[in-house]
Amino acid sequence: MIQRNGAKRLTTHTQTFTTISRRTNPLASLSSSPKSHRYFRDHQALCHFIESCKLSSDYKTAIQIHTSIIKSGYETYPSVIASLLSAYVHFGHLNLAHQFLDEVFCWNFDLVRMNLLLENLMRIRGYDMAKKVFYKMPIRDVVTWNSMIGGYVRNARYGEALRSFQNMLSLNVEPDKFTFASIITGCARLGVLNHGLWVHGLMIEKNIERNFILNASLIDMYMKCGRIQTANEVFGSIERNDVCVWNAMINGLAVHGLALDAIALFSRMEFENVLPDSITFIGILTACSHCGLVEEGRKHFDLMRSHYSIRPQLEHFGAMVDLFGRAGFLEEAYAMIEVMPMEPDVVIWRTLLSACRTHKKPELGEVAVANISRLKSGDYVLLSNTYCSLNRWDSAERVREMMKRTGVRKNRGKSWVELAGVVRQFKAGDRSHPETGAVYKVLDGLIKRTKLEGYMSSTELVLMDVSEEEKEENLNHHSEKLALAYGILKTCPGTDIRISKNLRICYDCHTWIKLVARLLSRVIIVRDRIRFHRFEGGLCSCGDYW
């Protein structure tokens, strides 16, 4: 009992310190506490303290805390080592970081502790340090590889995760279910179907026992790679007594815009007595948002609270704001924000701002921007685009000047396509590819053919005060058009082409790809930041609502 109470008190001290140190100078927050010596009895508090030094750019205090850590005996804790290394790298003292790391290797840690160090370095995004630790380890086991692969996936470095997995196999290290869970997630995030099929085949070949986490990961991967039927087959072949596998299906159907299927699956879930959770309702509300099912969205939002006693979280309110905003009910979207029991975050205000741009409501958009600025995460790009779409060039120019002063840069459009197991990436206006000439020749030919079919560039979407010719050239070289041209260049007629992109597909590219799909009798699948678009026969699965 004494030990439990002591641990509870120490946890309370840690929480109190963490809260204070994030608001003030870290050294002041420590010295102001009457029981500051207790923080040096808790390695978690020390890690929070080091992080606070980074946030406040307080290198001097970081050095002082390192000295105190040595005195208190916590220098050999993997989490503390990782935090210190991260701090030295953050302050630009790479030599000190490498010296300290070399010293760590002299302590002859066992494999368990080295694996913990790797895990902690990946947790705080210390990739380079983690690599150095990994390559200097005399012995590595499957846990070592899992720390690297899982860390890469959690930090959206999916290409490196795939390369590490391939290296692991080449060294005859047997992957386990944790390895496969991570790498399948990486394939899902990248949308690389061929890699996903290969990994699934390896699982079968190695007789990996599939638990509900692996099953959910497989369903998620096939959904995110555009293979709905295969995801359905996996779902139909497994035990479905865990909510995770249902959530994977419902959320997958949502991103494909199959709202009615998602709602039907939810009803089946209820019939089979599987209790939905908060993630289930995020999927249902997202599905309703993507298809404009406002009343269904309202119904399930109320059902979540009244029947299942699930308290709506930020994500649920965000989905409702998106639902109302897309449908043009901007006042209801704003009213939903006002009644939220928690403070809306930047994402919710951006959602409202995006709807204001779509439905040409700049006044309410400025309310959203004011709140985004208050949260110190100004979405100047979206505000500038809103003004440009209304031809308010002076207002847009003022926003751009503000962007220059604050160092804000627009996120550049990127698209990638996987062919023969190789992922090729294109940026808007990209001419870096070795086959650029051939790609642009295919693209120019397609644009000429689509113009004969009535295609006209939507130059009003180019939010710059330039000539019509310049606007048209800008639209013609969007990243998804280049990726599609490359896919056509490299595949046989009739082959499906799958493209992923980091931004939402624009109206012009959407219209153009519908025409290309009809002219070439191809199925073209584009996964953008919001959802899937399956183009076939001149139509899109989104019904032109996205």
# chains A, B, ... in the order shown; residues from 1 in each chain; ligands from 1
$ closest_atom_pairs --of "region 220-277 of chain A" --to "region 310-321 of chain A" --cutoff "12 Å" --atoms "only C-alpha atoms" --output "JSON lines"
{"residue": "A:Ala254", "atom": "CA", "partner": "A:Ala319", "partner_atom": "CA", "distance": 11.9}
{"residue": "A:Leu275", "atom": "CA", "partner": "A:Ile310", "partner_atom": "CA", "distance": 11.1}
{"residue": "A:Pro276", "atom": "CA", "partner": "A:Ile310", "partner_atom": "CA", "distance": 9.4}
{"residue": "A:Asp277", "atom": "CA", "partner": "A:Ile310", "partner_atom": "CA", "distance": 7.4}
$ write_last_selection --atoms "C-alpha atoms" --output "mmCIF file, in the first residue's frame"
data_model
loop_
_atom_site.group_PDB
_atom_site.id
_atom_site.type_symbol
_atom_site.label_atom_id
_atom_site.label_comp_id
_atom_site.auth_asym_id
_atom_site.auth_seq_id
_atom_site.Cartn_x
_atom_site.Cartn_y
_atom_site.Cartn_z
ATOM 1 C CA ALA A 254 -16.680 5.163 -45.780
ATOM 2 C CA LEU A 275 -21.107 -3.411 -29.453
ATOM 3 C CA PRO A 276 -19.928 -0.429 -31.535
ATOM 4 C CA ASP A 277 -17.374 1.958 -30.078
#
$ residues_around --residues "Glu174 (chain A)" --least-positions-apart "3" --cutoff "9 Å" --atoms "only C-alpha atoms" --output "PyMOL selection string"
chain A and resi 142+168-169+171+206
$ closest_residue --among "A:Asp322, A:Ile70, A:Cys244, A:Pro175" --to "Ser278 (chain A)" --atoms "only C-alpha atoms"
A:Cys244
$ residues_around --residues "Ile124 (chain A)" --least-positions-apart "5" --cutoff "8 Å" --atoms "only C-alpha atoms" --output "ChimeraX atom specification"
/A:82-83,86
$ atom_distance --atom1 "CA of Phe532 (chain A)" --atom2 "CA of Gly226 (chain A)"
7.5 Å
$ atom_distance --atom1 "CA of Thr436 (chain A)" --atom2 "CA of Val516 (chain A)"
20.0 Å
$ residues_around --residues "Arg240 (chain A)" --least-positions-apart "4" --cutoff "9 Å" --atoms "only C-alpha atoms" --output "mmCIF file with C-alpha atoms, in the first residue's frame"
data_model
loop_
_atom_site.group_PDB
_atom_site.id
_atom_site.type_symbol
_atom_site.label_atom_id
_atom_site.label_comp_id
_atom_site.auth_asym_id
_atom_site.auth_seq_id
_atom_site.Cartn_x
_atom_site.Cartn_y
_atom_site.Cartn_z
ATOM 1 C CA PHE A 212 -8.085 -9.701 -34.662
ATOM 2 C CA PHE A 235 -13.954 -10.232 -43.515
ATOM 3 C CA GLY A 236 -16.160 -13.173 -44.487
ATOM 4 C CA CYS A 244 -11.853 -3.848 -34.619
ATOM 5 C CA VAL A 245 -12.623 -5.913 -37.729
ATOM 6 C CA TRP A 246 -16.056 -4.304 -38.076
ATOM 7 C CA GLU A 272 -24.723 -9.983 -34.264
ATOM 8 C CA VAL A 274 -21.141 -6.678 -31.363
#
$ residues_around --residues "Asn95 (chain A)" --least-positions-apart "6" --cutoff "12 Å" --atoms "only C-alpha atoms" --output "number ranges by chain"
A: 85, 88-89, 101-102, 129
$ write_last_selection --atoms "N, CA and C atoms" --output "PDB file, in the first residue's frame"
ATOM      1  N   LEU A  85      19.603  12.437 -26.223  1.00  0.00           N
ATOM      2  CA  LEU A  85      20.114  12.423 -27.595  1.00  0.00           C
ATOM      3  C   LEU A  85      19.275  13.327 -28.497  1.00  0.00           C
ATOM      4  N   TYR A  88      20.146  17.023 -27.824  1.00  0.00           N
ATOM      5  CA  TYR A  88      21.409  17.461 -28.424  1.00  0.00           C
ATOM      6  C   TYR A  88      21.262  17.663 -29.937  1.00  0.00           C
ATOM      7  N   VAL A  89      20.547  16.735 -30.591  1.00  0.00           N
ATOM      8  CA  VAL A  89      20.319  16.876 -32.034  1.00  0.00           C
ATOM      9  C   VAL A  89      19.477  18.120 -32.313  1.00  0.00           C
ATOM     10  N   LEU A 101      26.357   8.910 -27.462  1.00  0.00           N
ATOM     11  CA  LEU A 101      25.921   7.606 -27.946  1.00  0.00           C
ATOM     12  C   LEU A 101      27.069   6.601 -27.925  1.00  0.00           C
ATOM     13  N   ASP A 102      28.279   7.054 -28.299  1.00  0.00           N
ATOM     14  CA  ASP A 102      29.448   6.171 -28.221  1.00  0.00           C
ATOM     15  C   ASP A 102      29.701   5.731 -26.785  1.00  0.00           C
ATOM     16  N   MET A 129      19.711   8.700 -35.038  1.00  0.00           N
ATOM     17  CA  MET A 129      20.308   8.063 -33.868  1.00  0.00           C
ATOM     18  C   MET A 129      19.880   6.596 -33.774  1.00  0.00           C
TER      19      MET A 129
END
$ residues_around --residues "Glu233 (chain A)" --least-positions-apart "6" --cutoff "12 Å" --atoms "only C-alpha atoms" --output "VMD selection string"
chain A and resid 215 218 to 219 222 to 223 227 249
$ write_last_selection --atoms "C-alpha atoms" --output "PDB file, in the first residue's frame"
ATOM      1  CA  ASN A 215      -7.290  -9.371 -39.585  1.00  0.00           C
ATOM      2  CA  LEU A 218      -5.509  -6.826 -43.714  1.00  0.00           C
ATOM      3  CA  ILE A 219      -9.031  -5.484 -44.245  1.00  0.00           C
ATOM      4  CA  TYR A 222      -7.154  -3.967 -49.027  1.00  0.00           C
ATOM      5  CA  MET A 223      -9.660  -1.157 -48.536  1.00  0.00           C
ATOM      6  CA  ARG A 227      -9.697  -3.852 -53.379  1.00  0.00           C
ATOM      7  CA  MET A 249     -14.777  -2.608 -42.842  1.00  0.00           C
TER       8      MET A 249
END
$ closest_residue --among "A:Ala248, A:Leu503, A:Val417, A:Ile63" --to "Ala262 (chain A)" --atoms "only C-alpha atoms"
A:Ala248
$ select_by_dssp --residues "region 141-390 of chain A" --states "helix (DSSP H, G or I)" --output "ChimeraX atom specification"
/A:142-154,158-170,177-190,193-205,212-224,228-236,243-255,259-271,278-291,294-306,314-327,330-339,346-358,362-374,380-389
$ closest_residue --among "A:Asn108, A:Ser500, A:Glu270, A:Ile149" --to "His307 (chain A)" --atoms "only C-alpha atoms"
A:Glu270
